[in-house]
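Visitor: This is the content of run.cif (mmCIF, C-alpha atoms and all ligand atoms):
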```cif
data_entry
#
loop_
_atom_site.group_PDB
_atom_site.id
_atom_site.type_symbol
_atom_site.label_atom_id
_atom_site.label_comp_id
_atom_site.auth_asym_id
_atom_site.auth_seq_id
_atom_site.Cartn_x
_atom_site.Cartn_y
_atom_site.Cartn_z
ATOM 1 C CA MET G 908 140.900 125.580 191.379
ATOM 2 C CA THR G 909 141.489 129.030 189.823
ATOM 3 C CA GLU G 910 138.805 131.686 190.307
ATOM 4 C CA PRO G 911 136.977 132.752 187.106
ATOM 5 C CA LEU G 912 138.139 136.098 185.694
ATOM 6 C CA ILE G 913 134.530 136.889 184.832
ATOM 7 C CA GLN G 914 131.968 135.907 187.428
ATOM 8 C CA SER G 915 128.475 135.253 186.160
ATOM 9 C CA SER G 916 125.171 135.171 188.022
ATOM 10 C CA GLN G 917 121.529 135.403 187.010
ATOM 11 C CA THR G 918 118.376 136.765 188.625
ATOM 12 C CA GLY G 919 115.277 136.228 186.507
ATOM 13 C CA ALA G 920 116.240 137.259 182.967
ATOM 14 C CA VAL G 921 119.109 139.526 184.092
ATOM 15 C CA ARG G 922 122.653 138.159 183.759
ATOM 16 C CA THR G 923 125.330 139.939 185.792
ATOM 17 C CA LEU G 924 128.950 139.695 184.671
ATOM 18 C CA THR G 925 131.541 140.807 187.208
ATOM 19 C CA LEU G 926 135.127 141.604 186.212
ATOM 20 C CA ALA G 927 137.036 139.684 188.846
ATOM 21 C CA ARG G 928 140.714 140.628 189.165
ATOM 22 C CA PRO G 929 140.248 142.995 192.105
ATOM 23 C CA GLN G 930 143.910 142.702 193.162
ATOM 24 C CA ALA G 931 144.835 144.503 189.893
ATOM 25 C CA LEU G 932 141.804 146.819 189.821
ATOM 26 C CA ASN G 933 140.165 144.441 187.330
ATOM 27 C CA SER G 934 142.635 145.503 184.632
ATOM 28 C CA PHE G 935 142.399 143.485 181.440
ATOM 29 C CA THR G 936 144.684 140.603 180.568
ATOM 30 C CA GLY G 937 144.268 138.721 177.305
ATOM 31 C CA ALA G 938 142.713 135.828 179.233
ATOM 32 C CA MET G 939 140.185 138.114 180.903
ATOM 33 C CA LEU G 940 139.204 139.779 177.626
ATOM 34 C CA GLU G 941 138.777 136.345 176.086
ATOM 35 C CA ALA G 942 136.557 135.254 178.987
ATOM 36 C CA LEU G 943 134.450 138.428 178.724
ATOM 37 C CA LEU G 944 133.977 137.993 174.979
ATOM 38 C CA HIS G 945 133.049 134.354 175.479
ATOM 39 C CA ALA G 946 130.492 135.246 178.176
ATOM 40 C CA LEU G 947 128.898 137.920 175.959
ATOM 41 C CA ASP G 948 128.806 135.553 172.955
ATOM 42 C CA GLN G 949 127.089 132.946 175.063
ATOM 43 C CA ILE G 950 124.510 135.474 176.340
ATOM 44 C CA ALA G 951 123.782 136.592 172.782
ATOM 45 C CA GLN G 952 122.640 133.004 172.040
ATOM 46 C CA ASP G 953 120.661 132.558 175.256
ATOM 47 C CA ARG G 954 116.998 133.524 174.962
ATOM 48 C CA GLY G 955 116.675 133.262 178.733
ATOM 49 C CA VAL G 956 118.726 136.455 179.139
ATOM 50 C CA ARG G 957 116.984 139.759 178.395
ATOM 51 C CA CYS G 958 119.418 142.228 179.974
ATOM 52 C CA VAL G 959 123.079 142.211 181.075
ATOM 53 C CA VAL G 960 124.706 144.095 183.949
ATOM 54 C CA LEU G 961 128.495 144.625 183.813
ATOM 55 C CA THR G 962 130.263 145.529 187.029
ATOM 56 C CA GLY G 963 133.588 145.130 188.839
ATOM 57 C CA ALA G 964 134.686 143.240 191.959
ATOM 58 C CA GLY G 965 136.346 145.185 194.759
ATOM 59 C CA ARG G 966 137.037 148.907 194.710
ATOM 60 C CA ALA G 967 137.457 149.417 190.933
ATOM 61 C CA PHE G 968 135.328 148.902 187.857
ATOM 62 C CA CYS G 969 138.297 148.350 185.499
ATOM 63 C CA ALA G 970 141.720 150.001 185.176
ATOM 64 C CA GLY G 971 141.973 149.250 181.443
ATOM 65 C CA GLN G 972 144.737 147.181 179.924
ATOM 66 C CA ASP G 973 146.945 145.423 182.508
ATOM 67 C CA LEU G 974 150.182 147.250 181.835
ATOM 68 C CA SER G 975 152.240 144.380 183.234
ATOM 69 C CA ASP G 976 150.790 141.822 180.812
ATOM 70 C CA PRO G 977 153.735 140.495 178.747
ATOM 71 C CA LEU G 978 151.555 140.827 175.632
ATOM 72 C CA VAL G 979 151.825 144.634 175.846
ATOM 73 C CA ALA G 980 154.431 145.604 178.455
ATOM 74 C CA PRO G 981 157.390 147.206 176.673
ATOM 75 C CA ASP G 982 160.698 145.350 177.079
ATOM 76 C CA PRO G 983 163.236 147.954 178.266
ATOM 77 C CA ALA G 984 166.213 145.809 177.150
ATOM 78 C CA PRO G 985 168.270 147.625 174.505
ATOM 79 C CA GLY G 986 167.305 146.435 171.033
ATOM 80 C CA ALA G 987 164.270 144.483 172.260
ATOM 81 C CA PRO G 988 161.490 144.510 169.658
ATOM 82 C CA ALA G 989 158.517 146.853 170.324
ATOM 83 C CA LYS G 990 155.204 145.247 171.219
ATOM 84 C CA ASP G 991 152.561 145.427 168.501
ATOM 85 C CA LEU G 992 149.632 146.954 170.407
ATOM 86 C CA GLY G 993 147.533 146.823 167.239
ATOM 87 C CA THR G 994 147.430 143.034 167.529
ATOM 88 C CA MET G 995 145.906 143.199 171.014
ATOM 89 C CA ILE G 996 143.342 145.730 169.841
ATOM 90 C CA GLU G 997 142.387 143.705 166.770
ATOM 91 C CA ARG G 998 142.215 140.479 168.738
ATOM 92 C CA PHE G 999 140.258 141.667 171.763
ATOM 93 C CA TYR G 1000 139.245 145.321 172.103
ATOM 94 C CA THR G 1001 137.647 145.869 168.700
ATOM 95 C CA PRO G 1002 135.666 142.588 168.882
ATOM 96 C CA LEU G 1003 134.542 143.654 172.376
ATOM 97 C CA VAL G 1004 133.155 146.964 171.084
ATOM 98 C CA ARG G 1005 131.467 145.202 168.164
ATOM 99 C CA ARG G 1006 130.021 142.549 170.483
ATOM 100 C CA LEU G 1007 128.629 145.091 172.967
ATOM 101 C CA ARG G 1008 127.111 147.285 170.301
ATOM 102 C CA SER G 1009 125.379 144.390 168.578
ATOM 103 C CA MET G 1010 124.048 142.584 171.640
ATOM 104 C CA PRO G 1011 120.421 141.506 171.127
ATOM 105 C CA VAL G 1012 119.638 142.751 174.653
ATOM 106 C CA PRO G 1013 120.519 145.957 176.529
ATOM 107 C CA VAL G 1014 123.712 146.145 178.571
ATOM 108 C CA VAL G 1015 123.874 148.210 181.763
ATOM 109 C CA ALA G 1016 127.238 149.254 183.214
ATOM 110 C CA ALA G 1017 127.179 149.459 187.021
ATOM 111 C CA VAL G 1018 130.397 151.408 187.541
ATOM 112 C CA ASN G 1019 131.382 150.709 191.128
ATOM 113 C CA GLY G 1020 134.763 152.485 191.169
ATOM 114 C CA VAL G 1021 137.456 153.842 188.915
ATOM 115 C CA ALA G 1022 137.063 153.142 185.177
ATOM 116 C CA ALA G 1023 140.310 153.971 183.371
ATOM 117 C CA GLY G 1024 141.582 153.600 179.802
ATOM 118 C CA ALA G 1025 139.828 150.738 178.040
ATOM 119 C CA GLY G 1026 137.913 150.212 181.301
ATOM 120 C CA ALA G 1027 136.233 153.594 180.799
ATOM 121 C CA SER G 1028 135.600 152.680 177.160
ATOM 122 C CA LEU G 1029 134.050 149.397 178.263
ATOM 123 C CA ALA G 1030 131.565 151.263 180.451
ATOM 124 C CA LEU G 1031 130.821 153.936 177.845
ATOM 125 C CA ASN G 1032 130.103 151.290 175.198
ATOM 126 C CA CYS G 1033 127.275 149.944 177.359
ATOM 127 C CA ASP G 1034 123.728 151.140 176.643
ATOM 128 C CA VAL G 1035 123.055 152.674 180.048
ATOM 129 C CA VAL G 1036 125.857 153.724 182.389
ATOM 130 C CA MET G 1037 125.041 154.014 186.080
ATOM 131 C CA ALA G 1038 127.877 154.908 188.444
ATOM 132 C CA ALA G 1039 128.405 155.115 192.189
ATOM 133 C CA HIS G 1040 128.973 158.728 193.286
ATOM 134 C CA THR G 1041 132.430 157.561 194.426
ATOM 135 C CA ALA G 1042 133.309 156.186 190.965
ATOM 136 C CA SER G 1043 135.424 158.023 188.416
ATOM 137 C CA PHE G 1044 136.357 157.970 184.745
ATOM 138 C CA VAL G 1045 139.926 158.435 183.523
ATOM 139 C CA GLN G 1046 141.095 158.752 179.924
ATOM 140 C CA ALA G 1047 144.422 157.337 181.088
ATOM 141 C CA PHE G 1048 145.868 156.793 177.609
ATOM 142 C CA SER G 1049 147.702 160.119 177.182
ATOM 143 C CA LYS G 1050 149.562 159.553 180.455
ATOM 144 C CA ILE G 1051 151.336 156.534 178.925
ATOM 145 C CA GLY G 1052 151.804 157.908 175.425
ATOM 146 C CA LEU G 1053 148.781 156.290 173.750
ATOM 147 C CA VAL G 1054 145.591 157.503 172.087
ATOM 148 C CA PRO G 1055 142.119 156.723 173.457
ATOM 149 C CA ASP G 1056 140.951 153.368 172.091
ATOM 150 C CA THR G 1057 138.191 150.765 172.372
ATOM 151 C CA GLY G 1058 135.876 153.235 170.644
ATOM 152 C CA ALA G 1059 136.682 156.198 172.888
ATOM 153 C CA THR G 1060 137.588 158.600 170.056
ATOM 154 C CA TRP G 1061 134.187 157.941 168.479
ATOM 155 C CA LEU G 1062 132.219 157.950 171.701
ATOM 156 C CA LEU G 1063 133.672 160.868 173.658
ATOM 157 C CA PRO G 1064 132.874 163.754 171.284
ATOM 158 C CA ARG G 1065 129.424 162.312 170.628
ATOM 159 C CA LEU G 1066 128.664 162.021 174.336
ATOM 160 C CA VAL G 1067 130.106 165.302 175.609
ATOM 161 C CA GLY G 1068 131.143 167.392 172.565
ATOM 162 C CA ARG G 1069 134.616 168.116 171.171
ATOM 163 C CA ALA G 1070 135.734 170.598 173.818
ATOM 164 C CA GLN G 1071 135.058 168.280 176.769
ATOM 165 C CA ALA G 1072 136.274 165.226 174.824
ATOM 166 C CA LEU G 1073 139.617 166.817 174.089
ATOM 167 C CA GLY G 1074 139.979 168.183 177.629
ATOM 168 C CA LEU G 1075 139.374 164.715 179.062
ATOM 169 C CA ALA G 1076 141.522 162.859 176.517
ATOM 170 C CA LEU G 1077 144.510 165.223 176.460
ATOM 171 C CA LEU G 1078 144.769 165.812 180.213
ATOM 172 C CA GLY G 1079 143.767 162.341 181.416
ATOM 173 C CA ASP G 1080 142.394 163.748 184.667
ATOM 174 C CA LYS G 1081 140.028 161.775 186.895
ATOM 175 C CA LEU G 1082 136.422 162.822 186.282
ATOM 176 C CA GLY G 1083 134.127 162.134 189.231
ATOM 177 C CA ALA G 1084 130.828 160.374 188.573
ATOM 178 C CA GLU G 1085 128.725 163.387 189.569
ATOM 179 C CA GLN G 1086 130.476 165.565 187.016
ATOM 180 C CA ALA G 1087 130.329 162.739 184.479
ATOM 181 C CA GLU G 1088 126.550 162.799 184.857
ATOM 182 C CA ARG G 1089 126.453 166.613 184.651
ATOM 183 C CA ILE G 1090 128.313 166.739 181.329
ATOM 184 C CA GLY G 1091 126.325 163.868 179.829
ATOM 185 C CA LEU G 1092 129.088 161.252 179.798
ATOM 186 C CA ILE G 1093 126.905 158.801 181.722
ATOM 187 C CA TRP G 1094 123.216 158.263 182.364
ATOM 188 C CA LYS G 1095 123.081 158.470 186.138
ATOM 189 C CA CYS G 1096 125.159 158.805 189.293
ATOM 190 C CA VAL G 1097 123.715 157.170 192.412
ATOM 191 C CA ASP G 1098 124.636 156.652 196.035
ATOM 192 C CA ALA G 1099 127.444 154.066 196.250
ATOM 193 C CA ALA G 1100 125.537 151.855 198.699
ATOM 194 C CA ALA G 1101 122.541 151.740 196.342
ATOM 195 C CA LEU G 1102 124.428 151.149 193.068
ATOM 196 C CA GLN G 1103 123.989 147.400 192.672
ATOM 197 C CA ASP G 1104 120.321 147.437 193.741
ATOM 198 C CA GLU G 1105 119.523 150.354 191.447
ATOM 199 C CA ALA G 1106 121.382 148.759 188.529
ATOM 200 C CA GLN G 1107 119.537 145.469 189.062
ATOM 201 C CA ALA G 1108 116.175 147.248 189.266
ATOM 202 C CA LEU G 1109 116.909 149.112 186.042
ATOM 203 C CA ALA G 1110 118.036 145.871 184.381
ATOM 204 C CA GLN G 1111 114.883 144.031 185.474
ATOM 205 C CA ARG G 1112 112.844 146.874 183.996
ATOM 206 C CA LEU G 1113 114.742 146.676 180.693
ATOM 207 C CA ALA G 1114 114.436 142.866 180.703
ATOM 208 C CA ALA G 1115 110.638 143.207 180.694
ATOM 209 C CA MET G 1116 110.741 145.503 177.659
ATOM 210 C CA PRO G 1117 110.750 144.490 173.962
ATOM 211 C CA SER G 1118 114.398 143.394 173.468
ATOM 212 C CA LYS G 1119 114.292 143.451 169.687
ATOM 213 C CA ALA G 1120 112.974 147.017 169.598
ATOM 214 C CA LEU G 1121 115.568 148.097 172.170
ATOM 215 C CA ALA G 1122 118.427 146.554 170.168
ATOM 216 C CA MET G 1123 117.133 148.226 167.008
ATOM 217 C CA THR G 1124 116.838 151.544 168.834
ATOM 218 C CA ARG G 1125 120.539 151.315 169.720
ATOM 219 C CA GLN G 1126 121.325 150.401 166.110
ATOM 220 C CA ALA G 1127 119.299 153.322 164.717
ATOM 221 C CA ILE G 1128 120.836 155.858 167.097
ATOM 222 C CA ASP G 1129 124.374 154.628 166.412
ATOM 223 C CA GLN G 1130 123.831 154.661 162.636
ATOM 224 C CA ALA G 1131 122.305 158.122 162.800
ATOM 225 C CA GLN G 1132 125.592 159.505 164.203
ATOM 226 C CA THR G 1133 127.248 159.183 160.823
ATOM 227 C CA VAL G 1134 124.537 159.627 158.189
ATOM 228 C CA PRO G 1135 122.497 162.575 156.869
ATOM 229 C CA MET G 1136 118.922 163.087 158.168
ATOM 230 C CA GLU G 1137 117.424 161.697 154.937
ATOM 231 C CA GLN G 1138 119.317 158.431 155.458
ATOM 232 C CA ALA G 1139 118.268 158.298 159.123
ATOM 233 C CA LEU G 1140 114.632 158.649 158.042
ATOM 234 C CA GLU G 1141 115.073 155.730 155.657
ATOM 235 C CA ASN G 1142 116.743 153.629 158.358
ATOM 236 C CA GLU G 1143 113.900 154.343 160.783
ATOM 237 C CA THR G 1144 111.337 153.356 158.153
ATOM 238 C CA ALA G 1145 113.074 150.032 157.447
ATOM 239 C CA LEU G 1146 113.401 149.167 161.129
ATOM 240 C CA GLN G 1147 109.795 150.175 161.884
ATOM 241 C CA ARG G 1148 108.591 148.083 158.952
ATOM 242 C CA GLU G 1149 110.407 145.056 160.383
ATOM 243 C CA LEU G 1150 109.209 145.661 163.959
ATOM 244 C CA GLY G 1151 105.632 146.230 162.774
ATOM 245 C CA ARG G 1152 105.608 142.623 161.549
ATOM 246 C CA ALA G 1153 107.026 141.214 164.775
ATOM 247 C CA HIS G 1154 105.160 139.615 167.668
ATOM 248 C CA ASP G 1155 106.136 142.244 170.244
ATOM 249 C CA TYR G 1156 104.266 145.021 168.426
ATOM 250 C CA LEU G 1157 101.119 142.898 168.356
ATOM 251 C CA GLU G 1158 101.582 142.110 172.034
ATOM 252 C CA GLY G 1159 102.393 145.714 173.013
ATOM 253 C CA VAL G 1160 99.291 147.132 171.386
ATOM 254 C CA ALA G 1161 97.058 144.295 172.692
ATOM 255 C CA ALA G 1162 98.375 144.845 176.227
ATOM 256 C CA PHE G 1163 97.814 148.587 175.942
ATOM 257 C CA ALA G 1164 94.212 148.063 174.793
ATOM 258 C CA ALA G 1165 93.549 145.488 177.516
ATOM 259 C CA LYS G 1166 95.224 147.691 180.173
ATOM 260 C CA ARG G 1167 97.510 144.808 181.211
ATOM 261 C CA ALA G 1168 101.278 144.356 181.400
ATOM 262 C CA PRO G 1169 102.765 143.167 178.085
ATOM 263 C CA ALA G 1170 104.654 139.858 177.819
ATOM 264 C CA PHE G 1171 107.334 140.572 175.234
ATOM 265 C CA SER G 1172 109.318 137.669 173.782
ATOM 266 C CA ASP G 1173 111.033 138.703 170.516
ATOM 267 C CA ARG G 1174 114.852 138.728 170.326
HETATM 268 O O1 LIG L 1201 148.210 148.151 175.545
HETATM 269 C C1 LIG L 1201 147.364 147.862 174.673
HETATM 270 O O2 LIG L 1201 147.011 146.719 174.385
HETATM 271 C C2 LIG L 1201 146.656 148.952 174.012
HETATM 272 C C3 LIG L 1201 145.356 149.113 174.670
HETATM 273 C C4 LIG L 1201 145.283 149.920 175.707
HETATM 274 C C5 LIG L 1201 144.040 150.099 176.425
HETATM 275 C C6 LIG L 1201 144.246 150.775 177.742
HETATM 276 O O3 LIG L 1201 143.435 150.574 178.600
HETATM 277 S S1 LIG L 1201 145.600 151.802 177.953
HETATM 278 C C7 LIG L 1201 145.374 152.430 179.585
HETATM 279 C C8 LIG L 1201 145.819 151.449 180.619
HETATM 280 N N1 LIG L 1201 145.432 151.856 181.945
HETATM 281 C C9 LIG L 1201 146.071 152.820 182.606
HETATM 282 O O4 LIG L 1201 146.992 153.443 182.139
HETATM 283 C C10 LIG L 1201 145.579 153.085 184.022
HETATM 284 C C11 LIG L 1201 146.717 152.903 185.011
HETATM 285 N N2 LIG L 1201 146.228 153.038 186.365
HETATM 286 C C12 LIG L 1201 145.976 154.230 186.919
HETATM 287 O O5 LIG L 1201 146.101 155.270 186.323
HETATM 288 C C13 LIG L 1201 145.520 154.203 188.343
HETATM 289 O O6 LIG L 1201 145.924 152.988 188.926
HETATM 290 C C14 LIG L 1201 143.986 154.338 188.503
HETATM 291 C C15 LIG L 1201 143.572 155.776 188.119
HETATM 292 C C16 LIG L 1201 143.225 153.335 187.642
HETATM 293 C C17 LIG L 1201 143.608 154.076 189.979
HETATM 294 O O7 LIG L 1201 144.414 154.889 190.815
HETATM 295 P P1 LIG L 1201 144.477 154.555 192.380
HETATM 296 O O8 LIG L 1201 145.313 155.620 193.005
HETATM 297 O O9 LIG L 1201 143.103 154.362 192.873
HETATM 298 O O10 LIG L 1201 145.192 153.130 192.494
HETATM 299 P P2 LIG L 1201 146.750 152.796 192.293
HETATM 300 O O11 LIG L 1201 147.442 152.860 193.607
HETATM 301 O O12 LIG L 1201 147.311 153.578 191.172
HETATM 302 O O13 LIG L 1201 146.677 151.266 191.807
HETATM 303 C C18 LIG L 1201 146.457 150.200 192.721
HETATM 304 C C19 LIG L 1201 147.218 149.002 192.234
HETATM 305 O O14 LIG L 1201 146.693 148.576 190.975
HETATM 306 C C20 LIG L 1201 148.704 149.346 191.996
HETATM 307 O O15 LIG L 1201 149.444 148.174 192.270
HETATM 308 P P3 LIG L 1201 150.274 148.060 193.657
HETATM 309 O O16 LIG L 1201 151.205 149.244 193.713
HETATM 310 O O17 LIG L 1201 149.221 148.099 194.736
HETATM 311 O O18 LIG L 1201 150.972 146.748 193.534
HETATM 312 C C21 LIG L 1201 148.717 149.592 190.496
HETATM 313 O O19 LIG L 1201 149.991 149.386 189.935
HETATM 314 C C22 LIG L 1201 147.737 148.544 190.005
HETATM 315 N N3 LIG L 1201 147.192 148.942 188.700
HETATM 316 C C23 LIG L 1201 146.360 149.948 188.447
HETATM 317 N N4 LIG L 1201 146.100 150.023 187.160
HETATM 318 C C24 LIG L 1201 146.784 149.027 186.580
HETATM 319 C C25 LIG L 1201 147.482 148.328 187.552
HETATM 320 N N5 LIG L 1201 148.261 147.280 187.261
HETATM 321 C C26 LIG L 1201 148.363 146.938 185.958
HETATM 322 N N6 LIG L 1201 147.710 147.572 184.961
HETATM 323 C C27 LIG L 1201 146.926 148.611 185.227
HETATM 324 N N7 LIG L 1201 146.235 149.206 184.213
#
```
Output the structure of this file as structure tokens.
Ligand code: T3D
Guide:
Amino acid sequence: MTEPLIQSSQTGAVRTLTLARPQALNSFTGAMLEALLHALDQIAQDRGVRCVVLTGAGRAFCAGQDLSDPLVAPDPAPGAPAKDLGTMIERFYTPLVRRLRSMPVPVVAAVNGVAAGAGASLALNCDVVMAAHTASFVQAFSKIGLVPDTGATWLLPRLVGRAQALGLALLGDKLGAEQAERIGLIWKCVDAAALQDEAQALAQRLAAMPSKALAMTRQAIDQAQTVPMEQALENETALQRELGRAHDYLEGVAAFAAKRAPAFSDR
């Protein structure tokens, strides 16, 4: 039997998805991207899951596109037709960004090792990025004559500003996790031995929080990146109006008044 390309396990309401091609640094093939999208789609429908952790098997998080995949590997034979990389992006990478950024529950990246190319973008598209101090982030695209993709051109300047974004994207140097935390690329860098426990603890904490409000918080912050303040104020009002009518608000305020832990259930 073939091993799954995405391993899935669950503790309480936290689903952990592990990229599982360690022999190729968990680089993406079409089949693996398809399996990841399928797993995320399934989680989005499953009310028993309230937080997702994404991590990698072995020494890497994800080395981006598998450059030996026949779908994208250039054919050096004279006159051979060029590969249409846009097809791969439209089929897999763009849906992956859209899926992650519209998940009804928070997604935590537990970056256990190198995250390169679309692998770095995968991590940075998650809601909270925690990395082992031995992990690193590489905008590998320029080294092979490509532009940053999978949302990286949108994300990088917003996370670290234009100067750092361009430095990282043009040079393609490895950025260690500690520096990634310092410049605001990621949320937190932790001891490598503690990464999975810390990521699980964070995920359990998020799983106990009001999922619908968390998903709308992501939506509001993302929308606010591209609209004037007046529009952001209107967006906040609309979202607050909707949340004010939802069960979790009732429950949150009742729990606060009763000095007990809330039991949130909205999705
Ligand atoms: O193409 C499209 O569809 C467009 C979309 C593109 C999205 C992208 O992600 S483009 C960027 C693709 N990724 C890269 O360019 C990264 C290439 N890899 C590296 O730069 C380095 O391997 C790393 C910085 C990730 C790690 O370096 P290091 O020194 O820790 O490991 P290594 O020795 O370079 O790699 C170990 C093995 O993994 C090696 O195989 P071997 O020699 O042991 O048989 C290496 O070839 C293999 N490997 C690493 N990355 C990839 C890979 N094999 C296929 N594809 C990879 N991306």
Visitor: Neighbouring residues of segment 973-977 of chain G were defined as those with any atom within 7 Å, considering only C-alpha atoms; residues of the same chain fewer than 5 positions away were excluded. Please report them as a list in words.
Guide: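 My reading of the contact set: Ser934, Phe935 and Thr936 of chain G.
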Visitor: Kindly provide, as JSON, numbers by chain, all nucleotide and amino acid residues lying within 8 Å of ligand LIG 1201 (chain L), counting all atoms listed in the file.
Guide: {"G": [930, 931, 932, 934, 935, 967, 969, 970, 971, 972, 973, 974, 975, 976, 978, 979, 980, 992, 993, 994, 995, 996, 1000, 1021, 1022, 1023, 1024, 1025, 1026, 1045, 1046, 1047, 1048, 1050, 1051, 1053, 1055, 1056, 1057, 1081]}
Visitor: Identify all residues satisfying the PyMOL selection byres (((chain G and resi 1155-1172) around 8) and not hetatm) in the given file; provide them as a short mmCIF file (atom, residue, chain, number, x, y, z; two decimals) with C-alpha atoms, keeping the file's coordinate frame.
Guide:
```cif
data_model
loop_
_atom_site.label_atom_id
_atom_site.label_comp_id
_atom_site.auth_asym_id
_atom_site.auth_seq_id
_atom_site.Cartn_x
_atom_site.Cartn_y
_atom_site.Cartn_z
CA ALA G 1115 110.64 143.21 180.69
CA MET G 1116 110.74 145.50 177.66
CA PRO G 1117 110.75 144.49 173.96
CA SER G 1118 114.40 143.39 173.47
CA LEU G 1150 109.21 145.66 163.96
CA GLY G 1151 105.63 146.23 162.77
CA ARG G 1152 105.61 142.62 161.55
CA ALA G 1153 107.03 141.21 164.78
CA HIS G 1154 105.16 139.62 167.67
CA ASP G 1173 111.03 138.70 170.52
CA ARG G 1174 114.85 138.73 170.33
#
```
Visitor: To one decimal place in Å, what is the distance between atom CA of Gly1091 of chain G and atom CA of Ala920 of chain G?
Guide: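 Between atom CA of Gly1091 of chain G and atom CA of Ala920 of chain G the gap works out to 28.6 Å.
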Visitor: From the options G:Gly1058, G:Pro929, G:Gly919, G:Pro911, which residue's atoms come nearest to Phe968 of chain G, counting only C-alpha atoms?
Guide: G:Pro929
Visitor: Evaluate the PyMOL selection byres (((chain G and resi 1101) around 12) and not hetatm) and record the selected residues as an MDAnalysis selection string, following the chain and residue labels used in the document.
Guide: chainID G and resid 1017:1019 1037:1041 1096:1100 1102:1108
Visitor: Applied to the shown file, which residues does the PyMOL selection byres (((chain G and resi 1008) around 12) and not hetatm) return, written as JSON, numbers by chain?
Guide: {"G": [947, 951, 1001, 1002, 1003, 1004, 1005, 1006, 1007, 1009, 1010, 1011, 1012, 1013, 1014, 1015, 1029, 1030, 1031, 1032, 1033, 1034, 1035, 1057, 1058, 1062, 1121, 1122, 1123, 1124, 1125, 1126, 1127, 1128, 1129, 1130]}
Visitor: Can you pull out the residues contacting Ile913 of chain G? Cut-off 10 Å, using all atoms listed in the file, and skip same-chain residues under 5 positions away; I want them as an mmCIF file with C-alpha atoms, in the frame of the given file.
Guide:
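Below you can see selection-v4.cif, which holds the result:
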```cif
data_model
loop_
_atom_site.group_PDB
_atom_site.id
_atom_site.type_symbol
_atom_site.label_atom_id
_atom_site.label_comp_id
_atom_site.auth_asym_id
_atom_site.auth_seq_id
_atom_site.Cartn_x
_atom_site.Cartn_y
_atom_site.Cartn_z
ATOM 1 C CA THR G 923 125.330 139.939 185.792
ATOM 2 C CA LEU G 924 128.950 139.695 184.671
ATOM 3 C CA THR G 925 131.541 140.807 187.208
ATOM 4 C CA LEU G 926 135.127 141.604 186.212
ATOM 5 C CA ALA G 927 137.036 139.684 188.846
ATOM 6 C CA ARG G 928 140.714 140.628 189.165
ATOM 7 C CA ASN G 933 140.165 144.441 187.330
ATOM 8 C CA ALA G 938 142.713 135.828 179.233
ATOM 9 C CA MET G 939 140.185 138.114 180.903
ATOM 10 C CA LEU G 940 139.204 139.779 177.626
ATOM 11 C CA GLU G 941 138.777 136.345 176.086
ATOM 12 C CA ALA G 942 136.557 135.254 178.987
ATOM 13 C CA LEU G 943 134.450 138.428 178.724
ATOM 14 C CA LEU G 944 133.977 137.993 174.979
ATOM 15 C CA HIS G 945 133.049 134.354 175.479
ATOM 16 C CA ALA G 946 130.492 135.246 178.176
ATOM 17 C CA LEU G 961 128.495 144.625 183.813
ATOM 18 C CA THR G 962 130.263 145.529 187.029
ATOM 19 C CA GLY G 963 133.588 145.130 188.839
ATOM 20 C CA ALA G 964 134.686 143.240 191.959
#
```
Visitor: To one decimal place in Å, what is the distance between atom CA of Leu1092 of chain G and atom CA of Val959 of chain G?
Guide: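 Straight-line distance from atom CA of Leu1092 of chain G to atom CA of Val959 of chain G works out to 20.0 Å.
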Visitor: At what distance in Å, to one decimal, does atom CA of Val960 of chain G lie from atom CA of Glu1085 of chain G?
Guide: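 Calculated distance between atom CA of Glu1085 of chain G and atom CA of Val960 of chain G is 20.5 Å.
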Visitor: Excluding Val1054 of chain G and its own-chain neighbours fewer than 5 positions away, which residues fall within 9 Å of it when counting all atoms listed in the file? Please give them as a VMD selection string.
Guide: chain G and resid 1048 to 1049 1060 1076 to 1077
Visitor: Give the answer as one residue: which of G:Phe1044, G:Ser1028, G:Thr1144, G:Gly1079 has the shortest atom-to-atom distance to Ala1059 of chain G, using only C-alpha atoms?
Guide: G:Ser1028
Visitor: Pick out the closest residue to Leu1109 of chain G from this set: G:Val956, G:Ala1016, G:Ala1070, G:Ala989. Count only C-alpha atoms.
Guide: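 Between G:Val956, G:Ala1016, G:Ala1070, G:Ala989, the residue approaching Leu1109 of chain G most closely is G:Ala1016.
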Visitor: Could you write out as AutoDock Vina command-line options the box around segment 945-951 of chain G (axis-aligned, all atoms listed in the file, 5 Å on each side), with centre and edge lengths in Å to one decimal?
Guide:
```
--center_x 128.4 --center_y 135.4 --center_z 175.5 --size_x 19.3 --size_y 15.0 --size_z 15.4
```
Visitor: Hey, which of G:Gly937, G:Glu997, G:Gln949, G:Gln1111 ends up closest to Ser915 of chain G? Count only C-alpha atoms.
Guide: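 Residue with the minimum atom-to-atom distance to Ser915 of chain G: G:Gln949.
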